[in-house]
Amino acid sequence: SGHLYTFEFHKQRAEIAEEEFKSHQLADIVTIECRDVCKDGFGLQDIADAVFLDVPRPWDAILSAKEAMKVNGGRICSFSPCIEQVQKTCDRLTDVGFTEIDVIECLQRPFDVRPCVINIPDLGEDQLDTTKTQEHNTTKLEEEKDNGEKRLPHKRKLTNPVASSVNIHTCAPHRTIPGHTGFLTFATLLPMAKRTQSLIKTSDTQDTKTKHTSIEKEIASKPVDEESITSK
């Protein structure tokens, strides 16, 4: 029921994409145009519910993206590989009236999954009976106290060190991860009515601050009447 407008700077890629849309019978719902949106804008007005930017200078296309959005508002998302681009984009989004700005880092981190065999040791018969083990340890401590000598605990040799084994799968991240991170910046454009209310509130707040500042300056500029000051 919707329609997708996509823009490609490179003419050859735009032509290839157009042929692919036609071959997949998507030409009726997808319109592609060769256009530099950072320089020339989108050329659309009050038509889009959402805008996705994947351009080197997204801050240059944000104002045109706002004009392309419906009066009911919408959402915008911008992909940038560098944090400096994100900073400029967020500043521009704030300047033109977008709210609810969020940034998410996209970092692909592959893991290696490998089979592994875990050996379960045989701890001996004493370990199966907790009561016998506790009695044996208590008797041994009493004998050491009576003799007054401290002896190292006796180490038993396991006749059957490995009782059984279990096959499991383990995973660990790659030590080196080729590639580059990226950032997704999201923002919301409120409906026109709410934007107007927000502007009115901001204007009233600024007017109030201006009035208070003017009154403070006026009071500070007035000379002090020494005769009106009385001492007790």
# chains A, B, ... in the order shown; residues from 1 in each chain; ligands from 1
$ residues_around --residues "range 31-38 of chain A" --least-positions-apart "3" --cutoff "7 Å" --atoms "only C-alpha atoms" --output "PyMOL selection string"
chain A and resi 4-11+14+18+27+41-42+57-58+60-61
$ write_last_selection --atoms "C-alpha atoms" --output "PDB file, in the first residue's frame"
ATOM      1  CA  LEU A   4       9.410   3.725  -1.661  1.00  0.00           C
ATOM      2  CA  TYR A   5      11.498   6.566  -3.058  1.00  0.00           C
ATOM      3  CA  THR A   6      15.205   5.814  -3.267  1.00  0.00           C
ATOM      4  CA  PHE A   7      18.027   8.032  -4.526  1.00  0.00           C
ATOM      5  CA  GLU A   8      21.434   7.002  -5.854  1.00  0.00           C
ATOM      6  CA  PHE A   9      24.304   9.376  -6.579  1.00  0.00           C
ATOM      7  CA  HIS A  10      26.044   7.055  -9.067  1.00  0.00           C
ATOM      8  CA  LYS A  11      24.178   6.965 -12.401  1.00  0.00           C
ATOM      9  CA  ALA A  14      20.868   3.754 -10.299  1.00  0.00           C
ATOM     10  CA  GLU A  18      15.995   0.289 -11.674  1.00  0.00           C
ATOM     11  CA  ALA A  27       8.513  -0.812 -10.296  1.00  0.00           C
ATOM     12  CA  GLY A  41      17.738  17.613  -1.627  1.00  0.00           C
ATOM     13  CA  PHE A  42      15.041  14.992  -2.178  1.00  0.00           C
ATOM     14  CA  ARG A  57      27.213  14.290   4.912  1.00  0.00           C
ATOM     15  CA  PRO A  58      23.807  13.468   6.372  1.00  0.00           C
ATOM     16  CA  ASP A  60      23.241  18.468   4.621  1.00  0.00           C
ATOM     17  CA  ALA A  61      20.185  16.346   3.783  1.00  0.00           C
TER      18      ALA A  61
END
$ select_by_dssp --residues "range 93-129 of chain A" --states "strand (DSSP E)" --output "list in words"
Thr99, Glu100, Ile101, Asp102, Val103, Ile104, Glu105, Cys106, Phe111, Asp112, Val113, Arg114, Pro115, Cys116, Val117, Ile118, Asn119, Ile120 and Pro121 of chain A
$ closest_residue --among "A:Glu100, A:Ala193, A:Ser164, A:Leu184" --to "Leu53 in chain A" --atoms "only C-alpha atoms"
A:Leu184
$ residues_around --residues "Leu63 in chain A" --least-positions-apart "4" --cutoff "8 Å" --atoms "only C-alpha atoms" --output "PDB file with N, CA, C and O atoms, in the first residue's frame"
ATOM      1  N   TRP A  59      24.024  15.595   7.555  1.00  0.00           N
ATOM      2  CA  TRP A  59      23.527  16.863   8.085  1.00  0.00           C
ATOM      3  C   TRP A  59      23.091  17.811   6.961  1.00  0.00           C
ATOM      4  O   TRP A  59      22.263  18.694   7.179  1.00  0.00           O
ATOM      5  N   GLU A  67      11.367  18.398   5.126  1.00  0.00           N
ATOM      6  CA  GLU A  67      10.366  18.910   4.188  1.00  0.00           C
ATOM      7  C   GLU A  67       9.629  17.769   3.491  1.00  0.00           C
ATOM      8  O   GLU A  67       8.454  17.908   3.148  1.00  0.00           O
ATOM      9  N   VAL A  96      16.873  21.734  13.575  1.00  0.00           N
ATOM     10  CA  VAL A  96      15.691  21.817  12.707  1.00  0.00           C
ATOM     11  C   VAL A  96      14.428  21.287  13.374  1.00  0.00           C
ATOM     12  O   VAL A  96      13.374  21.240  12.737  1.00  0.00           O
TER      13      VAL A  96
END
$ decode --residues "range 73-88 of chain A" --atoms "all heavy atoms" --output "compact mmCIF listing (two decimals), in the first residue's frame"
# COMPACT_ATOMS: atom_id res chain seq x y z
N GLY A 73 4.29 14.14 11.01
CA GLY A 73 5.59 13.78 11.58
C GLY A 73 6.08 12.44 11.07
O GLY A 73 5.50 11.84 10.15
N GLY A 74 7.16 11.97 11.65
CA GLY A 74 7.72 10.69 11.23
C GLY A 74 9.05 10.43 11.91
O GLY A 74 9.43 11.13 12.86
N ARG A 75 9.74 9.45 11.39
CA ARG A 75 11.02 9.04 11.97
C ARG A 75 12.12 9.14 10.92
O ARG A 75 11.88 8.95 9.72
CB ARG A 75 10.94 7.60 12.49
CG ARG A 75 10.02 7.42 13.68
CD ARG A 75 10.70 7.78 14.97
NE ARG A 75 11.67 6.74 15.36
CZ ARG A 75 12.54 6.87 16.37
NH1 ARG A 75 12.61 7.99 17.04
NH2 ARG A 75 13.35 5.89 16.67
N ILE A 76 13.33 9.41 11.38
CA ILE A 76 14.49 9.46 10.50
C ILE A 76 15.59 8.61 11.10
O ILE A 76 15.74 8.54 12.33
CB ILE A 76 14.98 10.92 10.30
CG1 ILE A 76 16.07 10.96 9.22
CG2 ILE A 76 15.46 11.53 11.60
CD1 ILE A 76 16.46 12.37 8.82
N CYS A 77 16.33 7.94 10.24
CA CYS A 77 17.46 7.11 10.67
C CYS A 77 18.63 7.41 9.74
O CYS A 77 18.46 7.49 8.52
CB CYS A 77 17.11 5.62 10.62
SG CYS A 77 18.50 4.53 11.03
N SER A 78 19.81 7.57 10.32
CA SER A 78 21.00 7.88 9.53
C SER A 78 22.12 6.94 9.93
O SER A 78 22.39 6.74 11.12
CB SER A 78 21.43 9.33 9.75
OG SER A 78 22.66 9.60 9.09
N PHE A 79 22.78 6.36 8.93
CA PHE A 79 23.93 5.49 9.19
C PHE A 79 25.21 6.25 8.90
O PHE A 79 25.35 6.86 7.83
CB PHE A 79 23.88 4.22 8.33
CG PHE A 79 25.13 3.38 8.45
CD1 PHE A 79 25.31 2.54 9.54
CD2 PHE A 79 26.12 3.45 7.49
CE1 PHE A 79 26.46 1.78 9.66
CE2 PHE A 79 27.27 2.69 7.61
CZ PHE A 79 27.44 1.85 8.69
N SER A 80 26.16 6.19 9.85
CA SER A 80 27.45 6.84 9.68
C SER A 80 28.54 5.96 10.27
O SER A 80 28.36 5.40 11.36
CB SER A 80 27.47 8.21 10.37
OG SER A 80 26.49 9.07 9.84
N PRO A 81 29.68 5.83 9.59
CA PRO A 81 30.76 5.01 10.12
C PRO A 81 31.62 5.71 11.17
O PRO A 81 32.35 5.04 11.90
CB PRO A 81 31.60 4.68 8.87
CG PRO A 81 31.33 5.81 7.96
CD PRO A 81 29.93 6.27 8.21
N CYS A 82 31.55 7.04 11.26
CA CYS A 82 32.43 7.79 12.17
C CYS A 82 31.60 8.57 13.19
O CYS A 82 30.54 9.11 12.86
CB CYS A 82 33.32 8.75 11.39
SG CYS A 82 34.38 7.94 10.17
N ILE A 83 32.12 8.65 14.40
CA ILE A 83 31.41 9.34 15.48
C ILE A 83 31.35 10.83 15.23
O ILE A 83 30.41 11.51 15.68
CB ILE A 83 32.07 9.02 16.84
CG1 ILE A 83 31.19 9.47 17.99
CG2 ILE A 83 33.45 9.65 16.91
CD1 ILE A 83 29.86 8.77 18.06
N GLU A 84 32.32 11.39 14.50
CA GLU A 84 32.28 12.82 14.19
C GLU A 84 31.08 13.15 13.31
O GLU A 84 30.45 14.21 13.46
CB GLU A 84 33.57 13.26 13.50
CG GLU A 84 34.81 13.22 14.38
CD GLU A 84 35.40 11.82 14.51
OE1 GLU A 84 34.91 10.91 13.81
OE2 GLU A 84 36.34 11.65 15.30
N GLN A 85 30.75 12.24 12.39
CA GLN A 85 29.56 12.43 11.56
C GLN A 85 28.30 12.39 12.41
O GLN A 85 27.36 13.15 12.18
CB GLN A 85 29.48 11.33 10.49
CG GLN A 85 30.59 11.39 9.45
CD GLN A 85 30.59 10.16 8.55
OE1 GLN A 85 30.70 9.04 9.03
NE2 GLN A 85 30.46 10.38 7.26
N VAL A 86 28.30 11.51 13.40
CA VAL A 86 27.15 11.40 14.29
C VAL A 86 26.94 12.69 15.07
O VAL A 86 25.80 13.17 15.24
CB VAL A 86 27.33 10.20 15.25
CG1 VAL A 86 26.20 10.16 16.27
CG2 VAL A 86 27.39 8.91 14.47
N GLN A 87 28.03 13.28 15.55
CA GLN A 87 27.92 14.52 16.33
C GLN A 87 27.31 15.65 15.50
O GLN A 87 26.41 16.37 15.96
CB GLN A 87 29.31 14.92 16.84
CG GLN A 87 29.87 13.97 17.89
CD GLN A 87 31.31 14.27 18.25
OE1 GLN A 87 32.05 14.86 17.45
NE2 GLN A 87 31.72 13.88 19.43
N LYS A 88 27.79 15.80 14.27
CA LYS A 88 27.24 16.85 13.41
C LYS A 88 25.78 16.57 13.06
O LYS A 88 24.96 17.50 13.00
CB LYS A 88 28.07 16.95 12.13
CG LYS A 88 29.46 17.53 12.33
CD LYS A 88 30.18 17.71 11.00
CE LYS A 88 31.56 18.32 11.18
NZ LYS A 88 32.24 18.51 9.88
